>>> print(open('upload-v6.tsv').read())   # TSV, C-alpha atoms
chain	number	residue	atom	x	y	z
A	1	MET	CA	0.00	0.00	0.00
A	2	ALA	CA	1.34	3.41	-0.94
A	3	ILE	CA	-0.70	4.90	1.92
A	4	GLN	CA	0.85	4.12	5.27
A	5	VAL	CA	-0.54	4.57	8.75
A	6	THR	CA	2.23	5.97	10.89
A	7	LEU	CA	0.57	5.23	14.20
A	8	ASP	CA	3.75	4.17	16.05
A	9	VAL	CA	5.25	7.65	15.77
A	10	MET	CA	2.19	9.41	17.20
A	11	LEU	CA	1.74	6.76	19.90
A	12	ALA	CA	5.37	7.21	20.97
A	13	ARG	CA	4.96	11.02	21.00
A	14	ARG	CA	1.87	10.79	23.20
A	15	GLY	CA	3.48	8.09	25.36
A	16	MET	CA	0.47	5.82	24.85
A	17	SER	CA	0.48	2.02	24.86
A	18	VAL	CA	-1.32	0.06	22.13
A	19	GLY	CA	-3.74	-1.34	24.72
A	20	GLU	CA	-4.69	2.10	26.07
A	21	PHE	CA	-5.03	3.44	22.52
A	22	ALA	CA	-7.25	0.52	21.40
A	23	GLU	CA	-9.57	1.11	24.35
A	24	ALA	CA	-9.66	4.89	23.86
A	25	VAL	CA	-10.61	4.68	20.14
A	26	ASP	CA	-12.89	1.68	20.75
A	27	LEU	CA	-11.06	-0.65	18.32
A	28	SER	CA	-10.08	-4.27	18.88
A	29	PRO	CA	-6.34	-4.77	19.57
A	30	ALA	CA	-6.27	-6.97	16.47
A	31	ASN	CA	-7.52	-4.10	14.29
A	32	VAL	CA	-5.02	-1.69	15.86
A	33	ALA	CA	-2.29	-4.19	14.98
A	34	VAL	CA	-3.55	-4.29	11.37
A	35	LEU	CA	-3.39	-0.47	11.24
A	36	LYS	CA	0.09	-0.37	12.79
A	37	ASN	CA	1.53	-3.05	10.53
A	38	GLY	CA	0.31	-1.29	7.41
A	39	ARG	CA	-2.02	-4.13	6.39
A	40	ALA	CA	-5.19	-2.01	6.55
A	41	LYS	CA	-6.98	-1.68	3.21
A	42	ALA	CA	-9.57	0.90	4.30
A	43	VAL	CA	-10.37	3.06	7.31
A	44	ARG	CA	-13.77	4.49	8.23
A	45	PHE	CA	-13.92	8.27	8.70
A	46	SER	CA	-15.43	7.58	12.12
A	47	THR	CA	-12.33	5.52	13.05
A	48	LEU	CA	-10.05	8.26	11.72
A	49	GLU	CA	-12.04	10.82	13.74
A	50	ALA	CA	-11.63	8.75	16.93
A	51	ILE	CA	-7.89	8.33	16.33
A	52	CYS	CA	-7.43	12.09	15.76
A	53	ARG	CA	-9.49	12.89	18.87
A	54	VAL	CA	-7.52	10.48	21.08
A	55	LEU	CA	-4.08	11.42	19.75
A	56	GLU	CA	-5.00	15.13	19.40
A	57	CYS	CA	-3.65	15.27	15.91
A	58	GLN	CA	-4.66	15.79	12.26
A	59	PRO	CA	-5.24	12.93	9.78
A	60	GLY	CA	-2.06	14.06	8.02
A	61	ASP	CA	-0.08	13.29	11.17
A	62	ILE	CA	-0.91	9.57	11.00
A	63	LEU	CA	-1.27	9.03	7.25
A	64	ALA	CA	1.65	9.14	4.83
A	65	TYR	CA	1.87	8.66	1.09
A	66	ARG	CA	4.94	6.78	-0.08
A	67	PRO	CA	4.82	5.86	-3.78
A	68	GLU	CA	5.29	2.12	-4.22
A	69	ASN	CA	7.33	2.64	-7.41
A	70	ALA	CA	10.18	3.92	-5.27
A	71	HIS	CA	10.74	0.37	-4.02
A	72	HIS	CA	10.96	-1.09	-7.49
A	73	LEU	CA	13.49	1.40	-8.84
B	1	MET	CA	-32.39	-6.51	8.16
B	2	THR	CA	-32.33	-9.65	10.28
B	3	ILE	CA	-34.33	-12.73	9.38
B	4	GLN	CA	-36.98	-13.64	11.92
B	5	PRO	CA	-36.25	-17.04	13.56
B	6	TRP	CA	-39.77	-18.30	12.80
B	7	VAL	CA	-39.13	-17.87	9.07
B	8	VAL	CA	-36.04	-20.10	9.25
B	9	TRP	CA	-37.74	-22.71	11.46
B	10	GLY	CA	-40.91	-22.67	9.37
B	11	LEU	CA	-38.88	-23.14	6.22
B	12	ARG	CA	-36.89	-25.97	7.82
B	13	LEU	CA	-40.07	-27.74	8.89
B	14	LEU	CA	-41.58	-27.43	5.39
B	15	LEU	CA	-38.34	-28.65	3.77
B	16	ILE	CA	-38.42	-31.76	5.97
B	17	LEU	CA	-42.11	-32.35	5.17
B	18	LEU	CA	-41.46	-31.93	1.43
B	19	PHE	CA	-38.44	-34.23	1.54
B	20	VAL	CA	-40.33	-36.97	3.38
B	21	GLY	CA	-43.37	-36.45	1.15
B	22	LEU	CA	-41.22	-36.88	-1.97
B	23	ALA	CA	-39.66	-40.05	-0.50
B	24	GLY	CA	-43.24	-41.34	-0.12
B	25	VAL	CA	-44.01	-40.41	-3.73
B	26	ILE	CA	-40.94	-42.41	-4.87
B	27	ALA	CA	-42.44	-45.48	-3.19
B	28	LEU	CA	-45.73	-44.92	-5.08
B	29	VAL	CA	-44.20	-44.39	-8.53
B	30	PRO	CA	-43.84	-48.11	-9.56
B	31	ASP	CA	-47.48	-48.85	-8.65
B	32	GLU	CA	-48.67	-45.77	-10.52
B	33	ALA	CA	-46.64	-46.78	-13.58
B	34	ARG	CA	-48.09	-50.30	-13.49
B	35	TRP	CA	-51.62	-48.90	-13.20
B	36	GLN	CA	-51.04	-46.53	-16.13
B	37	ALA	CA	-49.65	-49.40	-18.20
B	38	GLN	CA	-52.77	-51.46	-17.54
B	39	ALA	CA	-55.11	-48.54	-18.21
B	40	PHE	CA	-53.37	-47.56	-21.47
B	41	PRO	CA	-51.96	-50.79	-22.96
B	42	GLU	CA	-50.79	-48.97	-26.12
B	43	GLN	CA	-48.32	-47.07	-23.93
B	44	ALA	CA	-47.36	-50.02	-21.75
B	45	HIS	CA	-43.80	-49.99	-23.08
B	46	TRP	CA	-43.27	-46.72	-21.21
B	47	GLU	CA	-43.81	-48.36	-17.81
B	48	MET	CA	-40.14	-49.00	-16.95
B	49	PRO	CA	-38.67	-45.80	-18.46
B	50	PHE	CA	-41.40	-43.75	-16.78
B	51	THR	CA	-40.64	-45.33	-13.41
B	52	ILE	CA	-36.92	-44.66	-13.72
B	53	ILE	CA	-37.20	-41.09	-14.99
B	54	ALA	CA	-39.90	-40.11	-12.46
B	55	ILE	CA	-37.81	-41.42	-9.56
B	56	PHE	CA	-34.76	-39.64	-11.01
B	57	TRP	CA	-36.60	-36.31	-11.16
B	58	ILE	CA	-37.81	-36.70	-7.59
B	59	LEU	CA	-34.25	-37.48	-6.46
B	60	CYS	CA	-33.06	-34.28	-8.19
B	61	LEU	CA	-35.77	-32.31	-6.39
B	62	GLN	CA	-34.66	-33.86	-3.11
B	63	ALA	CA	-31.06	-32.85	-3.86
B	64	VAL	CA	-32.27	-29.26	-4.35
B	65	LEU	CA	-34.14	-29.43	-1.02
B	66	LEU	CA	-31.01	-30.76	0.70
B	67	CYS	CA	-28.88	-27.94	-0.74
B	68	THR	CA	-31.52	-25.39	0.32
B	69	TRP	CA	-31.32	-26.86	3.83
B	70	MET	CA	-27.52	-26.47	3.86
B	71	LEU	CA	-27.79	-22.88	2.57
B	72	LEU	CA	-30.33	-22.16	5.29
B	73	ASN	CA	-27.80	-23.40	7.87
B	74	LEU	CA	-25.28	-20.94	6.42
B	75	VAL	CA	-27.86	-18.13	6.61
B	76	ASN	CA	-28.47	-19.01	10.25
B	77	SER	CA	-24.77	-18.88	11.14
B	78	ASP	CA	-24.27	-15.67	9.10
B	79	ARG	CA	-21.92	-17.42	6.67
B	80	ILE	CA	-24.14	-17.25	3.57
B	81	PHE	CA	-21.92	-14.57	2.00
B	82	THR	CA	-18.80	-16.74	2.11
B	83	ARG	CA	-17.24	-19.20	-0.34
B	84	ALA	CA	-18.89	-22.02	1.65
B	85	ALA	CA	-22.25	-21.22	0.03
B	86	LEU	CA	-21.11	-21.64	-3.56
B	87	PRO	CA	-20.84	-25.47	-3.75
B	88	TRP	CA	-24.47	-25.84	-2.60
B	89	VAL	CA	-25.70	-23.27	-5.12
B	90	ASN	CA	-23.67	-25.03	-7.83
B	91	THR	CA	-25.21	-28.38	-6.90
B	92	ILE	CA	-28.69	-26.85	-7.20
B	93	LEU	CA	-27.76	-25.51	-10.65
B	94	VAL	CA	-26.38	-28.87	-11.77
B	95	SER	CA	-29.57	-30.62	-10.59
B	96	ILE	CA	-31.68	-28.13	-12.52
B	97	ALA	CA	-29.50	-28.56	-15.62
B	98	VAL	CA	-29.78	-32.35	-15.46
B	99	VAL	CA	-33.57	-32.14	-15.06
B	100	TRP	CA	-33.73	-29.65	-17.95
B	101	VAL	CA	-31.87	-32.00	-20.28
B	102	SER	CA	-33.91	-35.03	-19.24
B	103	VAL	CA	-37.28	-33.25	-19.50
B	104	GLY	CA	-36.29	-32.10	-22.99
B	105	GLY	CA	-35.18	-35.63	-23.87
B	106	VAL	CA	-38.38	-37.20	-22.58
B	107	GLY	CA	-40.48	-34.64	-24.45
B	108	LEU	CA	-38.63	-35.40	-27.67
B	109	PHE	CA	-38.96	-39.17	-27.25
B	110	LEU	CA	-42.68	-38.87	-26.48
B	111	GLU	CA	-43.20	-36.69	-29.56
B	112	LEU	CA	-41.30	-39.14	-31.80
B	113	ASP	CA	-43.00	-42.17	-30.26
B	114	GLN	CA	-46.60	-40.99	-30.26
B	115	PRO	CA	-47.51	-37.31	-30.43
B	116	THR	CA	-49.93	-36.76	-27.53
B	117	ILE	CA	-50.84	-34.08	-25.01
B	118	LEU	CA	-47.90	-35.41	-22.94
B	119	SER	CA	-45.31	-33.74	-25.18
B	120	LEU	CA	-47.11	-30.44	-24.57
B	121	TYR	CA	-46.73	-31.06	-20.85
B	122	ALA	CA	-43.02	-31.66	-21.47
B	123	VAL	CA	-42.73	-28.30	-23.24
B	124	ALA	CA	-44.50	-26.59	-20.34
B	125	GLY	CA	-42.23	-28.41	-17.88
B	126	LEU	CA	-39.17	-27.39	-19.87
B	127	LEU	CA	-40.32	-23.76	-19.74
B	128	VAL	CA	-40.76	-23.86	-15.96
B	129	VAL	CA	-37.36	-25.54	-15.42
B	130	THR	CA	-35.72	-22.98	-17.74
B	131	VAL	CA	-37.17	-20.05	-15.78
B	132	VAL	CA	-36.11	-21.58	-12.44
B	133	GLY	CA	-32.64	-22.35	-13.83
B	134	LEU	CA	-32.06	-18.86	-15.22
B	135	LEU	CA	-33.32	-17.37	-11.96
B	136	MET	CA	-30.79	-19.51	-10.07
B	137	ILE	CA	-28.00	-18.27	-12.36
B	138	VAL	CA	-28.97	-14.67	-11.53
B	139	MET	CA	-29.13	-15.48	-7.79
B	140	ARG	CA	-25.73	-17.19	-7.98
B	141	ALA	CA	-24.20	-14.08	-9.58
B	142	LEU	CA	-25.81	-11.90	-6.89
B	143	LEU	CA	-24.44	-14.19	-4.18
B	144	ILE	CA	-20.93	-13.88	-5.58
B	145	GLN	CA	-21.27	-10.06	-5.77
B	146	ALA	CA	-22.54	-9.92	-2.17
B	147	THR	CA	-19.72	-12.23	-1.01
B	148	THR	CA	-17.12	-9.91	-2.58
B	149	LEU	CA	-18.76	-6.85	-1.01
B	150	ARG	CA	-18.93	-8.55	2.39
B	151	ALA	CA	-15.23	-9.46	2.22
B	152	GLU	CA	-14.37	-5.87	1.26
B	153	MET	CA	-16.46	-4.41	4.08
B	154	GLU	CA	-14.80	-6.72	6.59
B	155	ALA	CA	-11.41	-5.28	5.61
B	156	VAL	CA	-12.61	-1.78	6.61
B	157	ILE	CA	-11.41	-0.77	10.07
>>> encode(input="upload-v6.tsv", output="structure tokens")
Amino acid sequence: MAIQVTLDVMLARRGMSVGEFAEAVDLSPANVAVLKNGRAKAVRFSTLEAICRVLECQPGDILAYRPENAHHL
Amino acid sequence: MTIQPWVVWGLRLLLILLFVGLAGVIALVPDEARWQAQAFPEQAHWEMPFTIIAIFWILCLQAVLLCTWMLLNLVNSDRIFTRAALPWVNTILVSIAVVWVSVGGVGLFLELDQPTILSLYAVAGLLVVTVVGLLMIVMRALLIQATTLRAEMEAVI
């Protein structure tokens, strides 16, 4: 996926554990792991909203675009 | 929208009744064929083929009922929109296809043997089986579409 969820960085900045974060955004730990490992294919706006509220950040702070072509070159 | 439990249980009960009823009909077919052969001696040579084909059609119908039962189980466990449903739908389609071919064949043989009202019945039967078969093909395509959509939705976090 060219779109990456950079959750680890924001979690580290806020000093929040994955367990605390999962509970605060009302996601299952398994789904948080999917997000963190970059295996998520789609995210609901409501999930994004919860993440931004909990981490007090903007969507741009946790989403990054890295063209996949770069890997092939 | 959730399916009311009484719909599933009612359907299950009726499927069992139909299945048992058809098994009873199978037992009656040889006697009926013998009676027909005695009543219409000019068509007596059809006794054995009629018995075999009638029992075969009933068995196909029972196979469809069985597959419907299995699909109903999948509906009940919320797994209808998974790959597990496809083999049962395919079996229903194969049963319908086999019946379609055999009804057509029987109609043709009857027409060649002795043109009677029976070949008209065969044409009507063929029409009904065709409609049911085409409807099943549409439903199968819809099932596959819904399965894909369900899988996609489950990937959304």
>>> closest_residue(input="upload-v6.tsv", among="A:Ile3, A:Ala42, A:Leu55, A:Ile62", to="Gly15 of chain A", atoms="all atoms listed in the file")
A:Leu55
>>> closest_residue(input="upload-v6.tsv", among="B:Val103, B:Val8, B:Leu61, B:Leu93", to="Asn73 of chain B", atoms="all atoms listed in the file")
B:Val8
>>> closest_atom_pairs(input="upload-v6.tsv", of="segment 54-100 of chain B", to="segment 121-144 of chain B", cutoff="7 Å", atoms="only C-alpha atoms", output="Markdown table")
| residue | atom | partner | partner_atom | distance |
| --- | --- | --- | --- | --- |
| B:Phe81 | CA | B:Leu143 | CA | 6.7 |
| B:Val89 | CA | B:Arg140 | CA | 6.7 |
| B:Leu93 | CA | B:Gly133 | CA | 6.6 |
| B:Ile96 | CA | B:Gly133 | CA | 6.0 |
| B:Trp100 | CA | B:Val129 | CA | 6.0 |
>>> residues_around(input="upload-v6.tsv", residues="Gly10 of chain B", least_positions_apart="6", cutoff="12 Å", atoms="only C-alpha atoms", output="list in words")
Ile3, Gln4, Ile16, Leu17, Trp69 and Leu72 of chain B
>>> interface_residues(input="upload-v6.tsv", of="chain A", to="chain B", cutoff="12 Å", atoms="only C-alpha atoms", output="VMD selection string")
chain A and resid 25 to 36 39 to 48 50 to 51
>>> atom_distance(input="upload-v6.tsv", atom1="atom CA of Val7 of chain B", atom2="atom CA of Asn90 of chain B")
24.0 Å
>>> residues_around(input="upload-v6.tsv", residues="Glu32 of chain B", least_positions_apart="6", cutoff="10 Å", atoms="only C-alpha atoms", output="PyMOL selection string")
chain B and resi 25+38+47+50-51
>>> residues_around(input="upload-v6.tsv", residues="Gly21 of chain B", least_positions_apart="3", cutoff="12 Å", atoms="only C-alpha atoms", output="list in words")
Leu14, Leu15, Ile16, Leu17, Leu18, Gly24, Val25, Ile26, Ala27, Leu28, Ile58, Leu59, Leu61, Gln62 and Leu65 of chain B
>>> atom_distance(input="upload-v6.tsv", atom1="atom CA of Ala64 of chain A", atom2="atom CA of Leu7 of chain A")
10.2 Å
>>> atom_distance(input="upload-v6.tsv", atom1="atom CA of Gln4 of chain A", atom2="atom CA of Val18 of chain A")
17.5 Å
>>> closest_residue(input="upload-v6.tsv", among="A:Pro59, A:Pro67, A:Val54, A:Thr6", to="Glu20 of chain A", atoms="all atoms listed in the file")
A:Val54
>>> residues_around(input="upload-v6.tsv", residues="Tyr65 of chain A", least_positions_apart="3", cutoff="10 Å", atoms="only C-alpha atoms", output="ChimeraX atom specification")
/A:1-5,60,68
>>> closest_residue(input="upload-v6.tsv", among="B:Gly107, B:Thr82, B:Gln114, B:Cys67", to="Ser95 of chain B", atoms="all atoms listed in the file")
B:Cys67
>>> residues_around(input="upload-v6.tsv", residues="Phe109 of chain B", least_positions_apart="6", cutoff="12 Å", atoms="all atoms listed in the file", output="PyMOL selection string")
chain B and resi 46+49-50+102-103+115-116+118-119+122
